[in-house]
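Everything below concerns the one structure shown next.
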Amino acid sequence: MRIQGAMVFAAAVLLGGCASAPAVPEVPRSSRYEDLVSLFAGWRTFQRPKLVDGVPDYTAPSMSAQHGELAGWQRRLAAFEVTGWPVAHQIDLEIVRAEMNALGFDHRVLQPWARNPAFYATVFDEQSDQPAREGHQAVGSVELW
């Protein structure tokens, strides 16, 4: 009886390994810098949370959906062929990759929308020395300075 159970388990493992995984859509390759600029514009829109009744949606389902879509953006970026690009353009691609990696880190580790109440401080009374402010903050802050 024990041998039969082991055989059934082994067969299930083998069949599970043979089952086809869902197909990942083919990402078109590009070597055009203009396509990177376009991807980046879309990326900036994507990384901002969706608005629900004018309020940024940082709910668990919304953030989970954003995290789930991140891999697609990373695949699109990885599809760029940068051979022959000037170094400055290659650096731009790496900056976009760094932003994508940072969003992934936010989702996997930091989760400031779920763990840090200061994340929702949306009024700043002094000017930042960084145009986009350093650190995490909710979208829609008010600059009083």
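Just remember, in the structure tokens the first chain shown is A, the second B, etc., residues are 1-based per chain, and ligands are 1-based in the order shown.
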Skipping near chain neighbours, those fewer than 6 positions away, what residues fall within 9 Å of region 92-101 of chain A using only C-alpha atoms, listed as a ChimeraX atom specification?
/A:33,36-37,40,43,47,70,73-74,77-78,80,82
Taking 6 positions as the minimum chain separation for residues in the same chain, which residues sit within 8 Å of Leu144 (chain A) when counting only C-alpha atoms? Answer as a list in words.
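Result of the neighbour search: Val123, Phe124, Asp125 and Glu126 of chain A.
Within 8 Å of region 48-50 of chain A there are Arg44, Thr45, Pro56, Asp57, Tyr58, Ser62, Met63 and Val139 of chain A, counting only C-alpha atoms and ignoring same-chain residues fewer than 3 positions away.
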Among region 47-127 of chain A, which residues carry a DSSP assignment of alpha helix (DSSP H), reported as a compact mmCIF listing (two decimals) with all heavy atoms, in the first residue's frame?
# COMPACT_ATOMS: atom_id res chain seq x y z
N GLN A 47 3.01 53.50 -12.76
CA GLN A 47 3.49 53.39 -11.37
C GLN A 47 2.68 54.25 -10.40
O GLN A 47 2.69 54.00 -9.20
CB GLN A 47 4.98 53.69 -11.28
CG GLN A 47 5.34 55.14 -11.37
CD GLN A 47 6.82 55.38 -11.28
OE1 GLN A 47 7.45 55.63 -12.28
NE2 GLN A 47 7.40 55.29 -10.11
N ALA A 60 -5.05 46.94 -0.73
CA ALA A 60 -4.31 45.70 -1.00
C ALA A 60 -4.61 45.14 -2.38
O ALA A 60 -3.67 44.77 -3.10
CB ALA A 60 -4.59 44.69 0.10
N PRO A 61 -5.88 45.07 -2.82
CA PRO A 61 -6.12 44.53 -4.17
C PRO A 61 -5.48 45.38 -5.27
O PRO A 61 -4.93 44.85 -6.24
CB PRO A 61 -7.64 44.54 -4.30
CG PRO A 61 -8.16 44.56 -2.90
CD PRO A 61 -7.13 45.30 -2.10
N SER A 62 -5.52 46.70 -5.12
CA SER A 62 -4.92 47.57 -6.13
C SER A 62 -3.41 47.41 -6.18
O SER A 62 -2.81 47.32 -7.27
CB SER A 62 -5.29 49.03 -5.83
OG SER A 62 -4.70 49.88 -6.79
N MET A 63 -2.77 47.37 -5.04
CA MET A 63 -1.32 47.22 -5.00
C MET A 63 -0.90 45.82 -5.47
O MET A 63 0.11 45.67 -6.15
CB MET A 63 -0.79 47.48 -3.59
CG MET A 63 -0.93 48.93 -3.15
SD MET A 63 0.09 50.10 -4.10
CE MET A 63 -1.02 50.65 -5.38
N SER A 64 -1.71 44.83 -5.17
CA SER A 64 -1.43 43.47 -5.66
C SER A 64 -1.52 43.42 -7.18
O SER A 64 -0.69 42.80 -7.85
CB SER A 64 -2.40 42.49 -5.02
OG SER A 64 -2.15 41.19 -5.48
N ALA A 65 -2.51 44.09 -7.74
CA ALA A 65 -2.65 44.13 -9.20
C ALA A 65 -1.46 44.84 -9.83
O ALA A 65 -0.93 44.40 -10.85
CB ALA A 65 -3.96 44.83 -9.57
N GLN A 66 -1.04 45.95 -9.24
CA GLN A 66 0.11 46.67 -9.76
C GLN A 66 1.35 45.78 -9.73
O GLN A 66 2.11 45.72 -10.70
CB GLN A 66 0.36 47.95 -8.97
CG GLN A 66 1.48 48.81 -9.55
CD GLN A 66 1.83 49.98 -8.68
OE1 GLN A 66 2.14 49.81 -7.50
NE2 GLN A 66 1.79 51.18 -9.25
N HIS A 67 1.55 45.09 -8.62
CA HIS A 67 2.70 44.20 -8.51
C HIS A 67 2.64 43.09 -9.56
O HIS A 67 3.65 42.73 -10.14
CB HIS A 67 2.77 43.62 -7.10
CG HIS A 67 4.03 42.87 -6.83
ND1 HIS A 67 4.06 41.76 -6.03
CD2 HIS A 67 5.29 43.04 -7.27
CE1 HIS A 67 5.30 41.30 -5.97
NE2 HIS A 67 6.05 42.06 -6.72
N GLY A 68 1.45 42.59 -9.80
CA GLY A 68 1.29 41.53 -10.79
C GLY A 68 1.62 41.99 -12.21
O GLY A 68 2.08 41.20 -13.03
N GLU A 69 1.38 43.25 -12.51
CA GLU A 69 1.66 43.79 -13.85
C GLU A 69 3.12 44.20 -14.04
O GLU A 69 3.56 44.43 -15.16
CB GLU A 69 0.76 44.99 -14.13
CG GLU A 69 -0.72 44.63 -14.24
CD GLU A 69 -1.57 45.87 -14.43
OE1 GLU A 69 -1.15 46.77 -15.18
OE2 GLU A 69 -2.66 45.92 -13.84
N LEU A 70 3.86 44.30 -12.96
CA LEU A 70 5.24 44.78 -13.02
C LEU A 70 6.11 43.89 -13.91
O LEU A 70 6.92 44.40 -14.69
CB LEU A 70 5.83 44.88 -11.61
CG LEU A 70 7.29 45.30 -11.51
CD1 LEU A 70 7.51 46.67 -12.15
CD2 LEU A 70 7.73 45.31 -10.05
N ALA A 71 5.96 42.59 -13.84
CA ALA A 71 6.79 41.68 -14.63
C ALA A 71 6.64 41.94 -16.12
O ALA A 71 7.61 41.84 -16.88
CB ALA A 71 6.46 40.23 -14.30
N GLY A 72 5.44 42.29 -16.56
CA GLY A 72 5.23 42.62 -17.97
C GLY A 72 6.03 43.84 -18.39
O GLY A 72 6.61 43.87 -19.49
N TRP A 73 6.06 44.85 -17.54
CA TRP A 73 6.85 46.05 -17.84
C TRP A 73 8.33 45.70 -17.90
O TRP A 73 9.06 46.19 -18.77
CB TRP A 73 6.60 47.12 -16.79
CG TRP A 73 5.28 47.78 -16.96
CD1 TRP A 73 4.09 47.43 -16.37
CD2 TRP A 73 4.99 48.89 -17.81
NE1 TRP A 73 3.09 48.26 -16.80
CE2 TRP A 73 3.61 49.17 -17.68
CE3 TRP A 73 5.75 49.68 -18.65
CZ2 TRP A 73 2.99 50.21 -18.37
CZ3 TRP A 73 5.13 50.72 -19.34
CH2 TRP A 73 3.78 50.97 -19.19
N GLN A 74 8.77 44.84 -16.99
CA GLN A 74 10.18 44.46 -16.98
C GLN A 74 10.55 43.64 -18.22
O GLN A 74 11.63 43.80 -18.77
CB GLN A 74 10.51 43.69 -15.69
CG GLN A 74 10.46 44.59 -14.48
CD GLN A 74 10.55 43.85 -13.16
OE1 GLN A 74 9.95 42.80 -12.99
NE2 GLN A 74 11.29 44.42 -12.23
N ARG A 75 9.63 42.79 -18.68
CA ARG A 75 9.88 42.04 -19.92
C ARG A 75 9.97 42.98 -21.11
O ARG A 75 10.82 42.81 -21.99
CB ARG A 75 8.77 41.01 -20.16
CG ARG A 75 8.93 39.74 -19.36
CD ARG A 75 8.00 38.64 -19.85
NE ARG A 75 6.60 39.00 -19.81
CZ ARG A 75 5.82 38.93 -18.74
NH1 ARG A 75 6.31 38.49 -17.60
NH2 ARG A 75 4.55 39.27 -18.80
N ARG A 76 9.11 43.98 -21.15
CA ARG A 76 9.16 44.95 -22.25
C ARG A 76 10.49 45.69 -22.26
O ARG A 76 11.07 45.93 -23.32
CB ARG A 76 8.00 45.94 -22.14
CG ARG A 76 6.65 45.32 -22.45
CD ARG A 76 5.49 46.24 -22.17
NE ARG A 76 5.56 47.47 -22.97
CZ ARG A 76 4.81 48.54 -22.73
NH1 ARG A 76 3.94 48.53 -21.73
NH2 ARG A 76 4.90 49.60 -23.49
N LEU A 77 10.98 46.05 -21.09
CA LEU A 77 12.26 46.75 -21.01
C LEU A 77 13.41 45.83 -21.42
O LEU A 77 14.32 46.24 -22.14
CB LEU A 77 12.49 47.28 -19.60
CG LEU A 77 13.74 48.14 -19.43
CD1 LEU A 77 13.60 49.46 -20.18
CD2 LEU A 77 14.02 48.39 -17.96
N ALA A 78 13.34 44.58 -20.99
CA ALA A 78 14.41 43.62 -21.32
C ALA A 78 14.47 43.32 -22.81
O ALA A 78 15.49 42.84 -23.31
CB ALA A 78 14.20 42.33 -20.53
N VAL A 87 26.16 55.83 -25.06
CA VAL A 87 26.19 55.49 -23.63
C VAL A 87 25.08 56.21 -22.87
O VAL A 87 24.42 55.63 -22.00
CB VAL A 87 27.58 55.81 -23.02
CG1 VAL A 87 27.57 55.66 -21.51
CG2 VAL A 87 28.63 54.90 -23.63
N ALA A 88 24.82 57.45 -23.20
CA ALA A 88 23.78 58.22 -22.50
C ALA A 88 22.41 57.55 -22.64
O ALA A 88 21.63 57.50 -21.68
CB ALA A 88 23.72 59.65 -23.04
N HIS A 89 22.11 56.99 -23.80
CA HIS A 89 20.83 56.31 -24.00
C HIS A 89 20.80 54.99 -23.24
O HIS A 89 19.75 54.61 -22.69
CB HIS A 89 20.57 56.08 -25.49
CG HIS A 89 20.30 57.34 -26.24
ND1 HIS A 89 20.07 57.35 -27.60
CD2 HIS A 89 20.20 58.63 -25.84
CE1 HIS A 89 19.85 58.59 -28.00
NE2 HIS A 89 19.93 59.38 -26.94
N GLN A 90 21.94 54.29 -23.20
CA GLN A 90 22.00 53.05 -22.43
C GLN A 90 21.81 53.33 -20.94
O GLN A 90 21.16 52.56 -20.23
CB GLN A 90 23.33 52.34 -22.67
CG GLN A 90 23.49 51.83 -24.09
CD GLN A 90 24.81 51.13 -24.31
OE1 GLN A 90 25.25 50.37 -23.44
NE2 GLN A 90 25.44 51.38 -25.44
N ILE A 91 22.34 54.44 -20.48
CA ILE A 91 22.16 54.83 -19.08
C ILE A 91 20.70 55.12 -18.80
O ILE A 91 20.16 54.74 -17.75
CB ILE A 91 23.06 56.03 -18.72
CG1 ILE A 91 24.53 55.59 -18.71
CG2 ILE A 91 22.67 56.65 -17.39
CD1 ILE A 91 25.53 56.72 -18.61
N ASP A 92 20.02 55.77 -19.75
CA ASP A 92 18.59 56.03 -19.58
C ASP A 92 17.83 54.72 -19.38
O ASP A 92 16.96 54.62 -18.52
CB ASP A 92 18.02 56.77 -20.78
CG ASP A 92 18.46 58.23 -20.84
OD1 ASP A 92 19.00 58.73 -19.82
OD2 ASP A 92 18.27 58.86 -21.90
N LEU A 93 18.17 53.70 -20.18
CA LEU A 93 17.51 52.40 -20.03
C LEU A 93 17.77 51.83 -18.64
O LEU A 93 16.87 51.29 -18.00
CB LEU A 93 18.00 51.42 -21.11
CG LEU A 93 17.32 50.07 -21.04
CD1 LEU A 93 16.81 49.66 -22.41
CD2 LEU A 93 18.26 49.02 -20.49
N GLU A 94 19.00 51.95 -18.15
CA GLU A 94 19.32 51.42 -16.82
C GLU A 94 18.60 52.18 -15.72
O GLU A 94 18.24 51.61 -14.69
CB GLU A 94 20.84 51.42 -16.60
CG GLU A 94 21.58 50.45 -17.50
CD GLU A 94 21.07 49.02 -17.40
OE1 GLU A 94 20.71 48.57 -16.29
OE2 GLU A 94 21.02 48.34 -18.45
N ILE A 95 18.37 53.46 -15.93
CA ILE A 95 17.60 54.24 -14.94
C ILE A 95 16.16 53.75 -14.89
O ILE A 95 15.58 53.61 -13.81
CB ILE A 95 17.68 55.75 -15.26
CG1 ILE A 95 19.09 56.25 -14.98
CG2 ILE A 95 16.66 56.53 -14.45
CD1 ILE A 95 19.36 57.67 -15.45
N VAL A 96 15.59 53.46 -16.04
CA VAL A 96 14.22 52.92 -16.07
C VAL A 96 14.20 51.57 -15.37
O VAL A 96 13.30 51.27 -14.58
CB VAL A 96 13.69 52.82 -17.51
CG1 VAL A 96 12.31 52.17 -17.53
CG2 VAL A 96 13.65 54.19 -18.17
N ARG A 97 15.22 50.73 -15.63
CA ARG A 97 15.31 49.42 -14.97
C ARG A 97 15.40 49.60 -13.45
O ARG A 97 14.76 48.87 -12.68
CB ARG A 97 16.51 48.63 -15.48
CG ARG A 97 16.60 47.22 -14.90
CD ARG A 97 17.87 46.46 -15.31
NE ARG A 97 18.36 46.72 -16.62
CZ ARG A 97 17.92 46.13 -17.75
NH1 ARG A 97 16.95 45.26 -17.68
NH2 ARG A 97 18.46 46.43 -18.91
N ALA A 98 16.18 50.58 -13.01
CA ALA A 98 16.31 50.83 -11.57
C ALA A 98 14.97 51.24 -10.96
O ALA A 98 14.62 50.80 -9.85
CB ALA A 98 17.36 51.91 -11.32
N GLU A 99 14.20 52.06 -11.68
CA GLU A 99 12.88 52.44 -11.17
C GLU A 99 11.96 51.23 -11.06
O GLU A 99 11.21 51.09 -10.09
CB GLU A 99 12.24 53.50 -12.08
CG GLU A 99 12.81 54.88 -11.87
CD GLU A 99 11.93 55.97 -12.44
OE1 GLU A 99 10.73 55.72 -12.70
OE2 GLU A 99 12.42 57.09 -12.60
N MET A 100 12.01 50.36 -12.06
CA MET A 100 11.17 49.16 -12.02
C MET A 100 11.59 48.25 -10.87
O MET A 100 10.74 47.70 -10.15
CB MET A 100 11.24 48.42 -13.36
CG MET A 100 10.56 49.16 -14.48
SD MET A 100 10.64 48.22 -16.01
CE MET A 100 9.83 49.35 -17.14
N ASN A 101 12.90 48.09 -10.69
CA ASN A 101 13.38 47.28 -9.58
C ASN A 101 12.98 47.87 -8.24
O ASN A 101 12.63 47.15 -7.30
CB ASN A 101 14.91 47.11 -9.65
CG ASN A 101 15.34 46.24 -10.81
OD1 ASN A 101 14.56 45.49 -11.38
ND2 ASN A 101 16.60 46.35 -11.19
N ALA A 102 13.00 49.20 -8.15
CA ALA A 102 12.62 49.86 -6.89
C ALA A 102 11.14 49.62 -6.59
O ALA A 102 10.78 49.38 -5.43
CB ALA A 102 12.92 51.35 -6.98
N LEU A 103 10.29 49.68 -7.62
CA LEU A 103 8.87 49.42 -7.38
C LEU A 103 8.67 47.97 -6.93
O LEU A 103 7.88 47.69 -6.03
CB LEU A 103 8.03 49.73 -8.61
CG LEU A 103 6.52 49.57 -8.41
CD1 LEU A 103 6.00 50.55 -7.37
CD2 LEU A 103 5.78 49.75 -9.73
N GLY A 104 9.42 47.05 -7.53
CA GLY A 104 9.35 45.66 -7.10
C GLY A 104 9.77 45.50 -5.65
O GLY A 104 9.15 44.76 -4.88
N PHE A 105 10.83 46.20 -5.25
CA PHE A 105 11.29 46.16 -3.87
C PHE A 105 10.23 46.73 -2.93
O PHE A 105 9.98 46.20 -1.85
CB PHE A 105 12.60 46.94 -3.74
CG PHE A 105 13.22 46.87 -2.38
CD1 PHE A 105 13.89 45.74 -1.97
CD2 PHE A 105 13.11 47.94 -1.50
CE1 PHE A 105 14.47 45.67 -0.70
CE2 PHE A 105 13.67 47.87 -0.24
CZ PHE A 105 14.35 46.73 0.16
N PRO A 112 5.22 50.60 1.88
CA PRO A 112 4.97 51.76 2.73
C PRO A 112 3.49 52.10 2.87
O PRO A 112 3.07 52.63 3.91
CB PRO A 112 5.72 52.90 2.02
CG PRO A 112 5.82 52.46 0.60
CD PRO A 112 5.93 50.96 0.65
N TRP A 113 2.68 51.81 1.86
CA TRP A 113 1.25 52.09 1.91
C TRP A 113 0.55 51.25 2.97
O TRP A 113 -0.51 51.61 3.43
CB TRP A 113 0.60 51.85 0.55
CG TRP A 113 0.99 50.53 -0.03
CD1 TRP A 113 0.41 49.30 0.22
CD2 TRP A 113 2.06 50.28 -0.92
NE1 TRP A 113 1.08 48.31 -0.46
CE2 TRP A 113 2.10 48.89 -1.17
CE3 TRP A 113 3.01 51.10 -1.53
CZ2 TRP A 113 3.05 48.30 -2.02
CZ3 TRP A 113 3.94 50.50 -2.36
CH2 TRP A 113 3.96 49.13 -2.59
N ALA A 114 1.17 50.12 3.38
CA ALA A 114 0.57 49.24 4.38
C ALA A 114 1.27 49.30 5.73
O ALA A 114 0.69 48.93 6.74
CB ALA A 114 0.58 47.80 3.87
N ARG A 115 2.51 49.78 5.75
CA ARG A 115 3.31 49.69 6.97
C ARG A 115 3.71 51.03 7.59
O ARG A 115 4.20 51.05 8.71
CB ARG A 115 4.59 48.90 6.69
CG ARG A 115 4.33 47.48 6.30
CD ARG A 115 5.61 46.76 6.06
NE ARG A 115 5.35 45.35 5.79
CZ ARG A 115 6.24 44.53 5.34
NH1 ARG A 115 7.47 44.92 5.12
NH2 ARG A 115 5.92 43.27 5.10
